[in-house]
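Participant: My structure is in my_file_32.txt, and what it holds is compact mmCIF, C-alpha atoms:
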# COMPACT_ATOMS: atom_id res chain seq x y z
CA MET A 22 10.01 -50.97 -66.69
CA ALA A 23 12.45 -53.41 -65.13
CA ASN A 24 10.00 -56.27 -64.74
CA PHE A 25 6.83 -55.11 -66.46
CA SER A 26 5.35 -57.42 -69.07
CA VAL A 27 2.06 -58.16 -70.78
CA ASN A 28 1.03 -61.47 -72.31
CA THR A 29 -2.16 -61.76 -74.25
CA ASP A 30 -4.83 -64.30 -75.20
CA LEU A 31 -7.91 -64.02 -77.36
CA LEU A 32 -10.79 -66.00 -75.86
CA ASP A 33 -14.13 -66.96 -77.37
CA GLY A 34 -13.12 -65.23 -80.57
CA ASP A 35 -13.39 -61.67 -79.36
CA VAL A 36 -12.37 -61.32 -75.71
CA ARG A 37 -8.88 -59.85 -75.40
CA VAL A 38 -7.22 -60.94 -72.19
CA LEU A 39 -4.16 -58.97 -71.10
CA HIS A 40 -2.11 -60.76 -68.43
CA VAL A 41 -0.06 -58.05 -66.78
CA ALA A 42 2.96 -58.90 -64.66
CA GLY A 43 5.51 -57.00 -62.61
CA ASP A 44 5.50 -53.39 -61.44
CA VAL A 45 3.02 -51.11 -63.20
CA ASP A 46 4.29 -47.73 -62.02
CA PHE A 47 4.92 -44.35 -63.63
CA ASP A 48 7.92 -45.83 -65.44
CA ALA A 49 5.81 -48.58 -67.03
CA ALA A 50 2.68 -46.46 -67.47
CA PRO A 51 3.21 -45.36 -71.08
CA GLN A 52 3.75 -48.95 -72.21
CA PHE A 53 0.81 -50.17 -70.11
CA LYS A 54 -1.44 -47.51 -71.58
CA ARG A 55 -0.31 -48.36 -75.12
CA GLN A 56 -1.09 -52.05 -74.56
CA ILE A 57 -4.69 -51.16 -73.80
CA THR A 58 -5.32 -48.23 -76.13
CA SER A 59 -3.81 -49.99 -79.15
CA ARG A 60 -6.40 -52.75 -78.73
CA ILE A 61 -9.24 -50.27 -78.49
CA ASP A 62 -7.88 -48.30 -81.46
CA ALA A 63 -7.79 -51.58 -83.41
CA GLY A 64 -11.50 -52.01 -82.77
CA GLU A 65 -11.42 -54.50 -79.91
CA ARG A 66 -14.37 -53.93 -77.60
CA ARG A 67 -14.22 -56.72 -75.00
CA ILE A 68 -11.14 -56.64 -72.85
CA VAL A 69 -10.15 -58.37 -69.62
CA VAL A 70 -7.11 -57.09 -67.75
CA ASP A 71 -5.66 -59.74 -65.46
CA LEU A 72 -3.66 -58.14 -62.65
CA SER A 73 -2.94 -61.31 -60.68
CA GLN A 74 0.80 -61.30 -61.44
CA VAL A 75 1.18 -57.59 -60.79
CA THR A 76 3.60 -56.94 -57.94
CA PHE A 77 2.89 -53.23 -57.76
CA ILE A 78 0.36 -50.86 -59.32
CA ASP A 79 0.13 -47.12 -58.73
CA SER A 80 -2.56 -44.48 -59.16
CA THR A 81 -1.30 -43.67 -62.66
CA ALA A 82 -1.98 -47.21 -63.81
CA ILE A 83 -5.33 -47.30 -62.02
CA GLY A 84 -6.19 -44.08 -63.85
CA VAL A 85 -5.27 -45.72 -67.16
CA LEU A 86 -7.67 -48.58 -66.36
CA ILE A 87 -10.52 -46.29 -65.37
CA ALA A 88 -10.06 -44.18 -68.49
CA ALA A 89 -10.07 -47.32 -70.64
CA ILE A 90 -13.25 -48.56 -68.97
CA ARG A 91 -14.98 -45.27 -69.66
CA ARG A 92 -13.75 -45.12 -73.23
CA LEU A 93 -14.91 -48.64 -73.96
CA GLU A 94 -18.30 -48.11 -72.36
CA ALA A 95 -18.78 -45.02 -74.50
CA ALA A 96 -17.96 -47.15 -77.54
CA GLY A 97 -20.44 -49.85 -76.55
CA GLY A 98 -17.74 -52.15 -75.23
CA SER A 99 -16.63 -53.43 -71.86
CA LEU A 100 -13.47 -53.89 -69.79
CA SER A 101 -13.28 -55.91 -66.63
CA LEU A 102 -10.51 -56.71 -64.21
CA ALA A 103 -9.29 -59.94 -62.70
CA CYS A 104 -7.04 -59.91 -59.67
CA ALA A 105 -6.46 -62.56 -57.04
CA ASN A 106 -3.54 -60.64 -55.51
CA ASP A 107 -4.61 -59.66 -51.98
CA GLU A 108 -2.26 -56.70 -51.74
CA VAL A 109 -3.57 -55.09 -54.90
CA ARG A 110 -7.16 -55.84 -53.85
CA GLY A 111 -6.38 -54.21 -50.51
CA ILE A 112 -5.38 -50.97 -52.21
CA PHE A 113 -8.59 -50.86 -54.25
CA GLU A 114 -10.62 -51.47 -51.10
CA ALA A 115 -8.74 -48.87 -49.06
CA VAL A 116 -9.65 -46.11 -51.51
CA GLY A 117 -13.17 -47.42 -52.12
CA LEU A 118 -12.52 -48.36 -55.71
CA GLU A 119 -13.82 -51.90 -55.52
CA ASN A 120 -17.37 -50.64 -55.99
CA VAL A 121 -16.40 -48.46 -58.94
CA VAL A 122 -14.11 -51.01 -60.55
CA PRO A 123 -14.87 -54.56 -59.38
CA LEU A 124 -11.92 -56.93 -59.16
CA HIS A 125 -12.97 -60.44 -60.06
CA GLN A 126 -11.01 -63.29 -58.56
CA ARG A 127 -10.40 -65.15 -61.80
CA THR A 128 -10.09 -64.32 -65.47
CA GLU A 129 -13.10 -66.55 -66.16
CA ASP A 130 -15.22 -64.45 -63.79
CA ALA A 131 -14.03 -61.25 -65.44
CA CYS A 132 -14.92 -62.67 -68.86
CA ALA A 133 -18.38 -63.62 -67.63
CA ALA A 134 -18.84 -60.08 -66.31
CA LEU A 135 -18.14 -58.76 -69.82
CA ALA A 136 -20.96 -60.85 -71.25
CA ILE A 137 -23.42 -59.29 -68.84
CA ALA A 138 -22.30 -55.72 -69.55
CA MET B 18 17.51 -38.11 -16.17
CA THR B 19 14.92 -40.24 -14.46
CA PRO B 20 14.06 -43.51 -16.18
CA ALA B 21 10.68 -42.12 -17.26
CA ALA B 22 12.29 -39.06 -18.78
CA THR B 23 14.89 -41.19 -20.52
CA ALA B 24 12.21 -43.43 -22.01
CA ALA B 25 10.18 -40.41 -23.11
CA THR B 26 13.23 -38.91 -24.75
CA ALA B 27 14.04 -42.16 -26.54
CA ALA B 28 10.49 -42.44 -27.80
CA THR B 29 10.64 -39.03 -29.44
CA GLN B 30 14.14 -39.24 -30.87
CA ASP B 31 14.21 -39.65 -34.58
CA LEU B 32 15.89 -42.78 -35.85
CA PRO B 33 16.94 -42.25 -39.47
CA LEU B 34 16.38 -45.29 -41.68
CA VAL B 35 16.58 -44.05 -45.26
CA ASP B 36 18.18 -40.97 -46.77
CA LEU B 37 18.11 -40.94 -50.56
CA ARG B 38 18.74 -38.29 -53.15
CA LEU B 39 17.42 -39.36 -56.51
CA PRO B 40 17.49 -37.92 -59.99
CA ALA B 41 13.99 -37.06 -61.18
CA LEU B 42 13.74 -40.15 -63.40
CA PRO B 43 10.91 -42.71 -63.47
CA SER B 44 13.47 -45.50 -63.53
CA GLU B 45 14.42 -44.52 -59.97
CA LEU B 46 11.03 -45.45 -58.54
CA LYS B 47 11.57 -49.20 -58.22
CA GLY B 48 14.79 -48.83 -56.23
CA ALA B 49 13.22 -46.23 -53.95
CA ARG B 50 10.24 -48.52 -53.28
CA ASP B 51 12.51 -51.44 -52.46
CA THR B 52 14.63 -49.37 -50.06
CA VAL B 53 11.61 -47.90 -48.28
CA SER B 54 9.94 -51.32 -48.09
CA ALA B 55 13.00 -52.85 -46.45
CA ALA B 56 13.14 -50.02 -43.89
CA ALA B 57 9.42 -50.44 -43.18
CA ALA B 58 9.98 -54.17 -42.63
CA ASP B 59 12.85 -53.46 -40.22
CA PHE B 60 10.60 -50.98 -38.41
CA GLY B 61 8.00 -53.71 -37.99
CA LEU B 62 5.13 -52.79 -40.28
CA ASP B 63 3.19 -55.92 -41.19
CA ALA B 64 2.90 -56.90 -44.84
CA LYS B 65 -0.41 -55.14 -45.49
CA ARG B 66 0.57 -51.90 -43.78
CA ARG B 67 3.98 -52.02 -45.41
CA TYR B 68 2.37 -52.34 -48.86
CA GLU B 69 0.06 -49.41 -48.10
CA PHE B 70 2.96 -47.28 -46.86
CA VAL B 71 5.11 -48.07 -49.90
CA PHE B 72 2.18 -47.31 -52.20
CA ALA B 73 1.72 -43.90 -50.56
CA VAL B 74 5.44 -43.12 -50.64
CA ASN B 75 5.57 -44.16 -54.30
CA GLU B 76 2.81 -41.68 -55.08
CA ALA B 77 4.78 -38.89 -53.42
CA VAL B 78 8.03 -39.83 -55.14
CA THR B 79 6.23 -40.13 -58.47
CA ASN B 80 4.87 -36.59 -58.08
CA ALA B 81 8.33 -35.34 -57.16
CA ILE B 82 9.80 -36.98 -60.26
CA LYS B 83 7.07 -35.47 -62.43
CA HIS B 84 7.89 -31.98 -61.10
CA GLY B 85 11.64 -32.22 -61.24
CA SER B 86 13.92 -31.87 -64.19
CA PRO B 87 15.94 -35.02 -64.94
CA ASP B 88 19.22 -33.21 -65.20
CA THR B 89 19.09 -31.63 -61.77
CA ASP B 90 21.42 -33.52 -59.49
CA GLY B 91 19.69 -35.03 -56.49
CA ALA B 92 16.41 -33.38 -57.39
CA VAL B 93 14.27 -35.65 -55.22
CA GLY B 94 14.89 -36.37 -51.54
CA VAL B 95 13.42 -39.37 -49.72
CA LEU B 96 13.89 -39.55 -45.98
CA VAL B 97 12.44 -42.22 -43.77
CA HIS B 98 12.78 -42.05 -40.02
CA ALA B 99 11.17 -43.70 -37.05
CA ARG B 100 9.87 -41.76 -34.08
CA GLY B 101 8.68 -44.20 -31.48
CA ASP B 102 5.82 -46.18 -32.97
CA VAL B 103 5.46 -43.94 -36.00
CA LEU B 104 7.25 -44.34 -39.31
CA VAL B 105 7.69 -41.04 -41.09
CA CYS B 106 8.57 -40.50 -44.75
CA THR B 107 9.42 -37.06 -46.09
CA VAL B 108 9.67 -36.57 -49.84
CA THR B 109 11.04 -33.32 -51.19
CA ASP B 110 11.51 -32.01 -54.67
CA CYS B 111 12.65 -28.81 -56.25
CA GLY B 112 9.55 -27.94 -58.22
CA PRO B 113 6.28 -26.23 -57.37
CA PHE B 114 3.44 -28.66 -56.65
CA ARG B 115 0.53 -28.15 -58.97
CA PRO B 116 -2.67 -29.29 -57.27
CA ARG B 117 -5.20 -30.41 -59.81
CA VAL B 118 -7.70 -27.56 -60.11
CA ALA B 119 -9.13 -28.61 -63.46
CA PRO B 120 -11.49 -31.58 -63.79
CA PRO B 121 -9.75 -34.89 -64.44
CA ARG B 122 -8.77 -35.25 -68.07
CA PRO B 123 -10.75 -37.80 -70.09
CA ASP B 124 -7.67 -39.90 -70.69
CA GLY B 125 -7.17 -40.26 -66.96
CA ASP B 126 -3.69 -38.75 -66.78
CA GLY B 127 -2.53 -36.04 -64.44
CA GLY B 128 -3.88 -37.29 -61.16
CA ARG B 129 -1.74 -36.53 -58.18
CA GLY B 130 -2.64 -39.54 -56.11
CA ILE B 131 -3.66 -37.45 -53.11
CA PRO B 132 -6.75 -39.56 -52.32
CA PHE B 133 -4.49 -42.61 -52.31
CA MET B 134 -1.89 -40.97 -50.06
CA THR B 135 -4.48 -39.87 -47.52
CA ALA B 136 -6.33 -43.21 -47.54
CA LEU B 137 -3.18 -45.30 -47.14
CA SER B 138 -1.24 -43.31 -44.56
CA ASP B 139 -2.07 -42.30 -41.01
CA SER B 140 -1.24 -38.69 -41.71
CA PHE B 141 -0.49 -36.72 -44.83
CA ASP B 142 0.99 -33.22 -44.98
CA LEU B 143 1.81 -31.18 -48.05
CA LEU B 144 3.96 -28.07 -47.85
CA VAL B 145 4.35 -25.94 -50.95
CA GLU B 146 7.08 -23.32 -50.89
CA VAL B 147 8.74 -21.29 -53.59
CA GLY B 148 11.01 -23.71 -55.39
CA ARG B 149 10.29 -26.70 -53.12
CA THR B 150 7.48 -29.11 -52.37
CA THR B 151 7.48 -31.39 -49.33
CA VAL B 152 5.18 -34.33 -48.66
CA ARG B 153 5.20 -35.97 -45.26
CA LEU B 154 3.49 -39.32 -44.73
CA THR B 155 3.29 -41.29 -41.54
CA LYS B 156 2.26 -44.84 -40.71
CA ASN B 157 1.78 -46.12 -37.19
CA ARG B 158 3.52 -49.38 -36.44
CA SER B 159 0.21 -51.01 -35.63
CA ALA B 160 -3.36 -50.19 -36.55
CA GLU B 161 -4.51 -50.99 -33.02
CA THR B 162 -2.37 -48.46 -31.23
CA PRO B 163 -2.66 -45.05 -32.88
CA ALA B 164 0.27 -42.93 -31.78
CA PRO B 165 -0.02 -39.25 -30.92
CA ARG B 166 0.49 -36.99 -33.92
CA VAL B 167 4.20 -36.28 -34.26
Kindly present the structure from the file in structure tokens form.

Facilitator:
Amino acid sequence: MANFSVNTDLLDGDVRVLHVAGDVDFDAAPQFKRQITSRIDAGERRIVVDLSQVTFIDSTAIGVLIAAIRRLEAAGGSLSLACANDEVRGIFEAVGLENVVPLHQRTEDACAALAIA
Amino acid sequence: MTPAATAATAATQDLPLVDLRLPALPSELKGARDTVSAAAADFGLDAKRRYEFVFAVNEAVTNAIKHGSPDTDGAVGVLVHARGDVLVCTVTDCGPFRPRVAPPRPDGDGGRGIPFMTALSDSFDLLVEVGRTTVRLTKNRSAETPAPRV
């Protein structure tokens, strides 16, 4: 967890934005998962995860995101992702995830996607 | 040897770039990624291919760390060598690999990253032996010139 961090905003009263930075690998995964699940446990239902400052993300972290998306959808909520980082986008595209889990360019776009969901 | 034979020999000799033995601790991942990334840069992988290669290697090392016990000295081995235009990474650990045979758990944990490793490398081999698991990943120097399988 050498350089992993999460900063958070609350937009429009009920959209939780999590700005993730650094390496989100197996070492950081428990903390990353807690950041998301604690919000859902607290009743938050509209979450944007901003990955633009992420320098590395592994399949564990991607699994955490997918699980959170499914959990929120089952609870009538929504989670969307923002990521302008080309390297991270490249990974999602290489494994065909960008159709399953769209990566919006900007946080504003990810927030707008929540409203539609 | 004739010049052609000499060149052919040079192309198939293995040039070792990285030889690490790591404890099976998650905190070791970052250092391993940095070392492998530097070797991949020296080898000449461009930024995108280097990122893909490091991602795949990280998956293999992560699995090795998950299998190993933290108190076993040098439980995880990471070797990177170059053979001609192919960069080869071999990750070994001391535990048995457990392929996921059950459906993915609802909380999303437990994936082995195999779809990522196969999508992001040019070849992926998994060898499971009693007491040892080996993953071998390769990445060609360039996407335009696929090298023969080594």

Participant: Could you check which of A:Thr58, A:Ser80, A:Val121, A:Ser73 is closest to Ala42 (chain A), using all atoms listed in the file?

Facilitator: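 Smallest distance to Ala42 (chain A) is found for A:Ser73.
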
Participant: Show me which bits of chain A are within 8 Å of chain B, counting only C-alpha atoms, as a PDB file with C-alpha atoms, in the coordinates of the input.

Facilitator:
ATOM      1  CA  MET A  22      10.010 -50.970 -66.690  1.00  0.00           C
ATOM      2  CA  ASP A  46       4.290 -47.730 -62.020  1.00  0.00           C
ATOM      3  CA  PHE A  47       4.920 -44.350 -63.630  1.00  0.00           C
ATOM      4  CA  ASP A  48       7.920 -45.830 -65.440  1.00  0.00           C
ATOM      5  CA  ASP A  79       0.130 -47.120 -58.730  1.00  0.00           C
ATOM      6  CA  SER A  80      -2.560 -44.480 -59.160  1.00  0.00           C
ATOM      7  CA  THR A  81      -1.300 -43.670 -62.660  1.00  0.00           C
ATOM      8  CA  GLY A  84      -6.190 -44.080 -63.850  1.00  0.00           C
ATOM      9  CA  VAL A  85      -5.270 -45.720 -67.160  1.00  0.00           C
ATOM     10  CA  ILE A  87     -10.520 -46.290 -65.370  1.00  0.00           C
ATOM     11  CA  ALA A  88     -10.060 -44.180 -68.490  1.00  0.00           C
ATOM     12  CA  ALA A  89     -10.070 -47.320 -70.640  1.00  0.00           C
ATOM     13  CA  GLU A 108      -2.260 -56.700 -51.740  1.00  0.00           C
ATOM     14  CA  GLY A 111      -6.380 -54.210 -50.510  1.00  0.00           C
ATOM     15  CA  ILE A 112      -5.380 -50.970 -52.210  1.00  0.00           C
ATOM     16  CA  ALA A 115      -8.740 -48.870 -49.060  1.00  0.00           C
ATOM     17  CA  VAL A 116      -9.650 -46.110 -51.510  1.00  0.00           C
TER      18      VAL A 116
END

Participant: When you look at Arg158 (chain B) with a cut-off of 6 Å (counting all atoms listed in the file), what residues show up, excluding the ones that are within fewer than 3 positions of it in the same chain? I need them as a list in words.

Facilitator: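 Once the nearby chain positions are removed, what remains is Leu62, Asp102 and Val103 of chain B.
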
Participant: How big is the axis-aligned box around the listed atoms of region 94-107 of chain B once 5 Å is added on each side, and where is its centre? Give both in Å to one decimal, as JSON.

Facilitator:
{"center_x": 10.2, "center_y": -41.3, "center_z": -41.5, "size_x": 19.4, "size_y": 19.8, "size_z": 30.1}

Participant: Mind pulling up the distance from CA of Val45 (chain A) to CA of Val95 (chain B)?

Facilitator: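 Value for the CA of Val95 (chain B)-CA of Val45 (chain A) distance: 20.7 Å.
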
Participant: Do you know which residues are at most 10 Å from region 108-110 of chain B counting only C-alpha atoms, after dropping those on the same chain fewer than 6 positions away, and could you put them as a PyMOL selection string?

Facilitator: chain B and resi 37-41+74-75+77-86+91-97+143-145+148-154

Participant: Using all atoms listed in the file, determine which residues lie at most 7 Å from Arg67 (chain A), disregarding the query and same-chain residues fewer than 5 positions distant; provide the list as a ChimeraX atom specification.

Facilitator: /A:35-37,98-100,135

Participant: Which residue, A:Ile90, A:Ile68, A:Gly97, A:Cys104, has the smallest gap to Leu32 (chain A) when you use all atoms listed in the file?

Facilitator: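 When distances to Leu32 (chain A) are compared using all atoms listed in the file, the smallest one comes from A:Ile68.
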
Participant: Go ahead and compute the interatomic distance for CA of Asp51 (chain B) and CA of Asp44 (chain A), in Å to one decimal.

Facilitator: 11.6 Å

Participant: Give as a PyMOL selection string the set of residues within 6 Å of the point (-10.1, -54.3, -61.9), where distances use the file's coordinates and all atoms listed in the file.

Facilitator: chain A and resi 101-103+122-124

Participant: From the list A:Ala105, A:Val70, A:Ile78, A:Ile57, which residue is nearest Cys132 (chain A) when using only C-alpha atoms?

Facilitator: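 Under the stated criterion, the closest residue is A:Val70.
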
Participant: Quick one: distance from CA of Asp31 (chain B) to CA of Ser140 (chain B) in Å, one decimal?

Facilitator: 17.0 Å

Participant: Start from the incomplete input, build N, CA, C and O atoms for region 38-63 of chain A, and deliver everything as a compact mmCIF listing (two decimals), in the frame of the given file.

Facilitator:
# COMPACT_ATOMS: atom_id res chain seq x y z
N VAL A 38 -7.68 -60.86 -73.57
CA VAL A 38 -7.22 -60.94 -72.19
C VAL A 38 -5.78 -60.47 -72.13
O VAL A 38 -4.92 -60.97 -72.85
N LEU A 39 -5.52 -59.48 -71.28
CA LEU A 39 -4.16 -58.97 -71.10
C LEU A 39 -3.68 -59.41 -69.71
O LEU A 39 -4.21 -58.96 -68.71
N HIS A 40 -2.70 -60.31 -69.70
CA HIS A 40 -2.11 -60.76 -68.43
C HIS A 40 -0.92 -59.87 -68.13
O HIS A 40 0.10 -59.93 -68.80
N VAL A 41 -1.09 -59.02 -67.12
CA VAL A 41 -0.06 -58.05 -66.78
C VAL A 41 0.78 -58.59 -65.63
O VAL A 41 0.23 -59.17 -64.68
N ALA A 42 2.08 -58.42 -65.72
CA ALA A 42 2.96 -58.90 -64.66
C ALA A 42 3.99 -57.83 -64.29
O ALA A 42 4.34 -56.98 -65.11
N GLY A 43 4.44 -57.89 -63.06
CA GLY A 43 5.51 -57.00 -62.61
C GLY A 43 4.98 -55.71 -62.03
O GLY A 43 3.86 -55.63 -61.56
N ASP A 44 5.82 -54.69 -62.03
CA ASP A 44 5.50 -53.39 -61.44
C ASP A 44 4.90 -52.46 -62.50
O ASP A 44 5.55 -52.16 -63.49
N VAL A 45 3.67 -52.04 -62.28
CA VAL A 45 3.02 -51.11 -63.20
C VAL A 45 3.02 -49.73 -62.54
O VAL A 45 2.04 -49.32 -61.91
N ASP A 46 4.15 -49.05 -62.64
CA ASP A 46 4.29 -47.73 -62.02
C ASP A 46 4.42 -46.66 -63.09
O ASP A 46 4.17 -46.92 -64.27
N PHE A 47 4.83 -45.47 -62.69
CA PHE A 47 4.92 -44.35 -63.63
C PHE A 47 5.91 -44.66 -64.75
O PHE A 47 5.76 -44.20 -65.88
N ASP A 48 6.94 -45.45 -64.43
CA ASP A 48 7.92 -45.83 -65.44
C ASP A 48 7.29 -46.72 -66.51
O ASP A 48 7.58 -46.59 -67.69
N ALA A 49 6.43 -47.63 -66.10
CA ALA A 49 5.81 -48.58 -67.03
C ALA A 49 4.52 -48.04 -67.64
O ALA A 49 3.98 -48.62 -68.58
N ALA A 50 4.01 -46.93 -67.08
CA ALA A 50 2.68 -46.46 -67.47
C ALA A 50 2.49 -46.23 -68.97
O ALA A 50 1.46 -46.62 -69.52
N PRO A 51 3.45 -45.59 -69.65
CA PRO A 51 3.21 -45.36 -71.08
C PRO A 51 3.03 -46.68 -71.86
O PRO A 51 2.15 -46.77 -72.72
N GLN A 52 3.85 -47.66 -71.52
CA GLN A 52 3.75 -48.95 -72.21
C GLN A 52 2.44 -49.65 -71.84
O GLN A 52 1.78 -50.24 -72.70
N PHE A 53 2.06 -49.58 -70.58
CA PHE A 53 0.81 -50.17 -70.11
C PHE A 53 -0.37 -49.54 -70.83
O PHE A 53 -1.26 -50.22 -71.34
N LYS A 54 -0.34 -48.23 -70.91
CA LYS A 54 -1.44 -47.51 -71.58
C LYS A 54 -1.51 -47.91 -73.05
O LYS A 54 -2.59 -48.16 -73.58
N ARG A 55 -0.34 -48.00 -73.69
CA ARG A 55 -0.31 -48.36 -75.12
C ARG A 55 -0.89 -49.74 -75.34
O ARG A 55 -1.57 -49.99 -76.32
N GLN A 56 -0.58 -50.68 -74.43
CA GLN A 56 -1.09 -52.05 -74.56
C GLN A 56 -2.61 -52.05 -74.63
O GLN A 56 -3.19 -52.85 -75.36
N ILE A 57 -3.23 -51.18 -73.85
CA ILE A 57 -4.69 -51.16 -73.80
C ILE A 57 -5.25 -50.32 -74.94
O ILE A 57 -6.15 -50.76 -75.66
N THR A 58 -4.73 -49.12 -75.12
CA THR A 58 -5.32 -48.23 -76.13
C THR A 58 -5.12 -48.75 -77.54
O THR A 58 -5.98 -48.56 -78.40
N SER A 59 -4.01 -49.47 -77.80
CA SER A 59 -3.81 -49.99 -79.15
C SER A 59 -4.89 -51.02 -79.49
O SER A 59 -5.31 -51.12 -80.65
N ARG A 60 -5.33 -51.77 -78.48
CA ARG A 60 -6.40 -52.75 -78.73
C ARG A 60 -7.71 -52.04 -79.04
O ARG A 60 -8.46 -52.45 -79.93
N ILE A 61 -7.99 -51.01 -78.27
CA ILE A 61 -9.24 -50.27 -78.49
C ILE A 61 -9.19 -49.57 -79.84
O ILE A 61 -10.16 -49.59 -80.60
N ASP A 62 -8.05 -48.97 -80.15
CA ASP A 62 -7.88 -48.30 -81.46
C ASP A 62 -8.07 -49.29 -82.59
O ASP A 62 -8.55 -48.93 -83.67
N ALA A 63 -7.67 -50.55 -82.37
CA ALA A 63 -7.79 -51.58 -83.41
C ALA A 63 -9.21 -52.12 -83.52
O ALA A 63 -9.47 -53.02 -84.32
